[in-house]
Each structure stands twice: as C-alpha cells, then as structure tokens.
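S.K.: Input: one structure, supplied below.
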Amino acid sequence: MSNLKIYNSLAREKVDFVPIEPGKVRMYVCGMTVYDYCHLGHARVMVVFDMVQRWLKAHDLQVTYVRNITDIDDKIIRRAAENKESIAALTNRYILAMNEDAQALGVQPPDHEPRATAYVPQMLSLIGKLEKNGLAYQADDGDVNFSVRDFQGYGKLSGKSLDDLRAGERVEIDSAKRDPLDFVLWKSSRESESDEVKWASKWGSGRPGWHIECSAMACDLLGEQFDIHGGGQDLQFPHHENEIAQSEGAHGHTFVNYWMHNGFVRVDNEKMSKSLGNFFTIREVTEKFDPEVVRFFILRAHYRSQLNYSDVHLEDARTGLTRLYTALKDTPPDADPLDWNENHALRFAEAMNDDFNTPGAIACLFELATEINREHSPVLARQLKKLAAVIGLLERDPQVFLHGGGSVDGLSDDDVAAQIAARTEAKKNKNFALADSIRAELLALGIVLEDKPGGLTEWRRA
C-alpha cells in the first residue's frame, strides 16, 4: 500500500499513506444528523467513503470503518416538537430511511455506526479531562465551554489564525463565554426541555455539544489516534477544527494522521440549498434515476471537486453506465480471478492510488468496454466486471439493468401489495423479526417501503 497517496487536508498536499499499524486501517467519517431524509450531499459522503474503504480492502488491508449518527441536536429537538412525537421515534424513522437509501446506492454498512446518545458517558469523561487540563470552564449560564485561546495550534486544519477568526467573529451580546470563539462542550438544561434532552453530570443536567460527540465516539471505537478522518468540506471548519482541539487537548498528542474532505454538491452551478429551492433528497432523485446511476454520477467526479447536479448530468451518467453494462450483455465474463497485472488493471490501480482518482479509473473501464465490443473477449469482460466491482459498480446482471423499469424479478404490483399485507399482519402479531425480514427481502428486490403515520405503508421501486 506504500504507493497510495492521499490528499491530506491538514498537510494541504498529497502524501504517502502509511497506516499506524501495518496491515490495518482505522477510519472515522462524520455521518448524518437524522431529522429528515438524506439529500445528495449525504449521498456523496456515503458513496465517496464507501469507495475509499473498498479500495483499502482491495489492497488486503483490514479496515475498521466507523460512521456515526447524530441523534441529539437542536434541529432534531425542534422537528420532534413540531411533529408532536418523541425524539426516539423521529430519529429511528430517519435512521431506517437513511439505511435504505445507503443500500440502494450500493453503500456497504460501516463496521460501527454509533449513535451519539449512547456515548454520553464517554463525552463527559472527555470534558472532564479538558477541564483538568485547563481547557474547559463552566460559564455563568451553566454551559461548559472549550477555551480556544488556551489551546496551542487552533486553526491548523482550516489555515485560519486566531486573529483572523476573531476579526470575523460576530460579537455575542450578553454571552457568558470568555471569548466569542469558545464553543460549547456541554449545554446546560433549560427548564422547558423534556427529560429526553438531558443527562446528569457533575456540571448539572444538560446535553453534549455537537463537536464533542464525534471526538468521544471516534476515540472510544478507534483509539486516541487513528489513520483517517473524513467528511464533507463544510465540516472542515469549525467541526473538524474543534474535534482536533478537544481530542488533542485532552490526550496531549496527535488525533488523526490523514484528514479527507469531499467537495460540495451544487445544483445547476449554485450551491444546493433549501432556501434556493434547489434541494433534492436521495429519494427524489432515485424516483427518476436508477440508484446505480446516481452512484456512477458521484464516482465519475473526483471526490475533492465540486459536483454539479442536474438532470442533464444524470442522463449523461445513465448513458455512460448503460454503455458499460451493454459491453457485458453478449460476452459473459470468465470465472477466473481479477488479473491485477493486466494493462487496464494496472492503470486502474495507478489512478486509484493517486488520491482515489475515480475519473481516471472509470476511463479504464470505458477502454475495456470498447475493446470488448470489438473483440468479444470473456477475459476482458471479466476484467471490466471485476474492476468495476472494486468501486461498487456493474455488480448486477446486465439484463436486469438494461431492461429494468417493469416488474422487479417477476414481482407485480399485486405481489408487492400481498407482501406488504403479510408484513402488516406480522407487525400486528408482534412478530417483528418476520416483518423486518419481509422488508429486507423486498428491498433486495428493489422495493422500498415507507411507513406512514396511522399504520399505512407506501412503496416505490428503487
């Protein structure tokens, strides 16, 4: 793996990747805050780091991949109150939807998917270490804050100096913070908050700040220092900057060796935003396009570049993926293992080892497709199918992809309705294992179920 280079956001350059422990990689990626359906930005994070862990495993590295779930947050609390439902009911529903979206996109489950609410004791322990080290203080309003000015090196990930940050900081009126840049580690409870959003601590009842959640979960599952930390570019500051400050402030040594950030998703050359009305969920997009087309669209761009979404670009991605599947239609691949010494595979690996250059790797796939169409070679077909599978593409029967859109594996609408009725009956009888099994079987056949209030279940073809 010595020839893999990764662009390290901390070093601001491509560097050789050398795991802390030979043969093993520990990777943490910031996951979703579950108060709504996942959008295209979430899709990009999931697909990009799924690709990363697949490529690491292709080099026979043992990967421990952690992607967290934020299930306590101001947005979650507000949405649950608006819906007049419990926080647990809200977050469980959207976690299920997130996992369905991820599976549709061909994203392999992470090894660990910790929920923030299960790691409050670890967060309190970390805050206690920061207080002992003189980096945390309890303010007059009861909140426990991190003292940014007392941590040497704050800003090293974002490249921002404290003077620049303070010059651009909005002055907070009546703030109990010692410095406007200080951030909350523990939010003191307000009288109006329910028991769902408070935990006991030596600083009084309250709940954790967002940044401390990731530090605690990452360190508990991967150790105080690990190999790769990833997430969207928007998290580089302040979230990841604050994670470094907390973790290194508590433990006194390097937190993460390699920081990776994927670029923004833009819609028709404007940043995706609810306020602009150009905000698309994964479910909205996969109603119009096969989920594998969406995955192909994401991987066809380099992960650090901005990704411009439009129907035209998705149509183009569909055409490209169709071309690759068509090359396999009349020339079944042979059964031999992937030959990494073959010319196309060598150039595929060279591209992937250059900071996960998926556009270069996919170009090799198209070259293979062209040669297959000309030579009808089962050996080249095997190379195409197995190289593509390394990054989670072309894993279906070509006929299923090329002739999709009707019934899925023979399931008519009436068949689906019968399965839903059976699942409803199983839930009524509290046979939840059977109900979950029916949902999983339907999802494997491309049928996505969505439970609605009142016991209704809607469905769609992925």
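Each chain in the structure tokens gets a letter, A, B and so on, in the order shown; residues start at 1 in every chain, and ligands are counted from 1 in the order they appear.
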Would you list the contacts of segment 5-13 of chain A as a ChimeraX atom specification, taking every protein, DNA or RNA residue within 7 Å and counting only C-alpha atoms, but skipping same-chain residues closer than 6 positions in sequence?
M.R.: /A:157,258-260,353-355
S.K.: Extract, using only C-alpha atoms, all DNA, RNA and protein residues at most 8 Å from Ala97 of chain A, discarding same-chain residues fewer than 3 positions from it, and format them as a list in words.
M.R.: Tyr37, Arg93, Tyr94, Glu100, Asp101 and Glu450 of chain A
S.K.: What would the file look like if the residues just selected were written as a tab-separated table (two decimals), in the first residue's frame with C-alpha atoms?
M.R.:
```tsv
chain	number	residue	atom	x	y	z
A	37	TYR	CA	-34.44	12.35	4.61
A	93	ARG	CA	-37.62	6.54	11.43
A	94	TYR	CA	-34.98	8.56	9.63
A	100	GLU	CA	-32.49	2.13	2.90
A	101	ASP	CA	-31.03	4.96	0.84
A	450	GLU	CA	-42.01	3.75	3.79
```
S.K.: By how many Å are atom CA of Pro333 of chain A and atom CA of Gly404 of chain A apart?
M.R.: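 It comes out at 21.1 Å.
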S.K.: Per DSSP on the backbone, filter segment 95-277 of chain A down to the residues in helix (DSSP H, G or I) and report them as a PyMOL selection string.
M.R.: chain A and resi 95-104+116-118+120-132+148-150+162-167+195-197+210-222+233-251
S.K.: Go ahead and save the residues from that selection, with C-alpha atoms, as a compact mmCIF listing (two decimals), in the first residue's frame.
M.R.:
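Result saved to selection-v4.txt:
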```
# COMPACT_ATOMS: atom_id res chain seq x y z
CA ILE A 95 -32.16 6.15 10.53
CA LEU A 96 -34.17 3.40 8.85
CA ALA A 97 -34.73 5.62 5.81
CA MET A 98 -31.02 6.51 5.70
CA ASN A 99 -30.03 2.84 5.70
CA GLU A 100 -32.49 2.13 2.90
CA ASP A 101 -31.03 4.96 0.84
CA ALA A 102 -27.48 3.75 1.51
CA GLN A 103 -28.31 0.20 0.49
CA ALA A 104 -29.98 1.41 -2.70
CA ALA A 116 -24.39 9.92 19.94
CA THR A 117 -26.95 9.29 22.67
CA ALA A 118 -25.21 6.00 23.55
CA VAL A 120 -22.73 10.44 26.70
CA PRO A 121 -20.57 8.88 29.49
CA GLN A 122 -17.54 8.95 27.17
CA MET A 123 -18.29 12.59 26.29
CA LEU A 124 -18.47 13.54 29.96
CA SER A 125 -15.16 11.79 30.60
CA LEU A 126 -13.54 13.72 27.74
CA ILE A 127 -14.91 17.03 29.04
CA GLY A 128 -13.56 16.18 32.47
CA LYS A 129 -10.07 15.69 31.02
CA LEU A 130 -10.29 19.04 29.24
CA GLU A 131 -11.33 20.76 32.46
CA LYS A 132 -8.44 19.12 34.31
CA VAL A 148 -9.92 28.21 22.34
CA ARG A 149 -7.24 30.74 23.32
CA ASP A 150 -5.66 28.20 25.70
CA LEU A 162 -6.96 33.32 15.81
CA ASP A 163 -6.58 36.98 14.83
CA ASP A 164 -8.41 36.38 11.54
CA LEU A 165 -11.10 34.36 13.26
CA ARG A 166 -11.65 36.97 15.95
CA ALA A 167 -11.77 39.77 13.36
CA ASP A 195 -36.13 14.53 30.03
CA GLU A 196 -35.39 13.28 26.50
CA VAL A 197 -32.81 16.00 26.00
CA TRP A 210 -22.11 18.66 18.63
CA HIS A 211 -18.31 18.67 18.35
CA ILE A 212 -17.61 16.63 21.49
CA GLU A 213 -19.85 13.83 20.22
CA CYS A 214 -17.54 12.87 17.34
CA SER A 215 -14.36 13.13 19.42
CA ALA A 216 -15.79 10.79 22.06
CA MET A 217 -17.19 8.22 19.62
CA ALA A 218 -14.06 8.17 17.45
CA CYS A 219 -11.65 7.80 20.36
CA ASP A 220 -13.75 5.13 22.05
CA LEU A 221 -14.04 2.95 18.93
CA LEU A 222 -10.73 3.65 17.17
CA GLN A 233 -15.79 20.06 3.01
CA ASP A 234 -18.31 22.10 5.02
CA LEU A 235 -17.20 20.29 8.20
CA GLN A 236 -13.54 21.28 7.95
CA PHE A 237 -14.28 24.40 9.99
CA PRO A 238 -15.43 24.61 12.68
CA HIS A 239 -16.43 20.98 13.32
CA HIS A 240 -13.21 19.15 12.49
CA GLU A 241 -11.05 22.00 13.78
CA ASN A 242 -12.86 21.72 17.09
CA GLU A 243 -12.53 17.93 17.12
CA ILE A 244 -8.75 18.33 16.86
CA ALA A 245 -8.68 20.90 19.66
CA GLN A 246 -10.78 18.76 22.00
CA SER A 247 -9.09 15.45 21.30
CA GLU A 248 -5.50 16.70 21.31
CA GLY A 249 -6.25 19.00 24.24
CA ALA A 250 -7.50 16.03 26.26
CA HIS A 251 -4.87 13.46 25.27
```
S.K.: Interatomic distance between atom CA of Lys271 of chain A and atom CA of Val34 of chain A?
M.R.: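 Interatomic distance, atom CA of Lys271 of chain A to atom CA of Val34 of chain A: 21.4 Å.
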S.K.: Could you tell me how far atom CA of Ala349 of chain A lies from atom CA of Ala361 of chain A, in Å and to one decimal?
M.R.: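 Distance reported for this atom pair: 7.3 Å.
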S.K.: Pick out the residues sitting within 6 Å of segment 300-303 of chain A, and hand them over as a VMD selection string; count only C-alpha atoms, and ignore anything fewer than 3 positions along from it in its own chain.
M.R.: chain A and resid 262 296 to 297 357 359
S.K.: Kindly save the residues from that selection, with C-alpha atoms included, as an mmCIF file, in the first residue's frame.
M.R.:
```cif
data_model
loop_
_atom_site.group_PDB
_atom_site.id
_atom_site.type_symbol
_atom_site.label_atom_id
_atom_site.label_comp_id
_atom_site.auth_asym_id
_atom_site.auth_seq_id
_atom_site.Cartn_x
_atom_site.Cartn_y
_atom_site.Cartn_z
ATOM 1 C CA ASN A 262 -15.142 15.691 -0.242
ATOM 2 C CA PHE A 296 -21.863 6.278 -11.027
ATOM 3 C CA PHE A 297 -22.550 10.026 -11.334
ATOM 4 C CA ASN A 357 -8.830 9.244 -8.807
ATOM 5 C CA PRO A 359 -12.475 9.539 -13.053
#
```
S.K.: For Leu40 of chain A, which residue out of A:Val256, A:Ala317, A:Val267, A:Cys364 is the nearest one, using only C-alpha atoms?
M.R.: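 Looking at the shortest contact to Leu40 of chain A, the residue is A:Val267.
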S.K.: Which residues in segment 135-330 of chain A does DSSP call strand (DSSP E)? List them as JSON, numbers by chain.
M.R.: {"A": [136, 137, 138, 144, 145, 146, 183, 184, 185, 186, 187, 188, 206, 207, 208, 226, 227, 228, 229, 230, 231, 232, 256, 257, 258, 259, 260, 261, 262, 265, 266, 267, 270, 271, 307, 308, 309]}
S.K.: Give one line per residue of segment 340-435 of chain A that approaches segment 453-460 of chain A to at most 12 Å, naming the two atoms of the closest pair and their distance in Å to one decimal, counting only C-alpha atoms; sort by chain then ascending residue number and deliver it as CSV.
M.R.:
```
residue,atom,partner,partner_atom,distance
A:Gly405,CA,A:Arg460,CA,11.5
A:Ser407,CA,A:Arg460,CA,11.4
A:Val408,CA,A:Arg460,CA,11.2
A:Asp413,CA,A:Trp459,CA,9.9
A:Val416,CA,A:Trp459,CA,8.5
A:Ala417,CA,A:Trp459,CA,9.0
A:Gln419,CA,A:Trp459,CA,11.1
A:Ile420,CA,A:Thr457,CA,7.5
A:Ala421,CA,A:Thr457,CA,9.3
A:Ala422,CA,A:Thr457,CA,11.8
A:Arg423,CA,A:Thr457,CA,9.8
A:Thr424,CA,A:Gly455,CA,8.2
A:Glu425,CA,A:Gly455,CA,11.1
A:Lys427,CA,A:Gly455,CA,10.0
A:Lys428,CA,A:Gly455,CA,9.9
```
S.K.: Could you dump the residues just selected with C-alpha atoms as a CSV table (one decimal), in the first residue's frame?
M.R.:
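Produced file again-v3.csv, reproduced below:
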```csv
chain,number,residue,atom,x,y,z
A,405,GLY,CA,-38.3,-0.4,-15.1
A,407,SER,CA,-41.7,-5.6,-12.5
A,408,VAL,CA,-38.7,-6.5,-10.4
A,413,ASP,CA,-47.8,-4.6,-8.0
A,416,VAL,CA,-45.9,-6.3,-3.6
A,417,ALA,CA,-49.2,-5.4,-2.0
A,419,GLN,CA,-46.1,-8.8,0.8
A,420,ILE,CA,-47.0,-5.5,2.5
A,421,ALA,CA,-50.2,-7.1,3.9
A,422,ALA,CA,-48.2,-10.0,5.2
A,423,ARG,CA,-45.7,-7.6,6.9
A,424,THR,CA,-48.6,-5.6,8.4
A,425,GLU,CA,-50.1,-8.7,9.8
A,427,LYS,CA,-46.3,-6.4,13.0
A,428,LYS,CA,-49.9,-6.7,14.4
```
S.K.: So which residues touch Leu56 of chain A within 12 Å, counting only C-alpha atoms, skipping near sequence neighbours fewer than 5 positions away, as a PyMOL selection string?
M.R.: chain A and resi 1-6+17-19+23-27+49-51+61-65+228+349+352-353+355-356+390-391
S.K.: Using only C-alpha atoms, which residue out of A:Lys202, A:Arg266, A:Arg54, A:His313 lies closest to Gly41 of chain A?
M.R.: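 Looking at the shortest contact to Gly41 of chain A, the residue is A:Arg266.
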S.K.: Can you work out which one of A:Gly106, A:Arg382, A:Arg318, A:Val448 has the shortest atom-to-atom distance to Val47 of chain A, counting only C-alpha atoms?
M.R.: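 With only C-alpha atoms as the atom set, the closest residue is A:Gly106.
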S.K.: Which is closest to Val144 of chain A among A:Asp182, A:Asp111, A:Asp330, A:Glu284, if we use only C-alpha atoms?
M.R.: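 Counting only C-alpha atoms, the residue closest to Val144 of chain A is A:Asp182.
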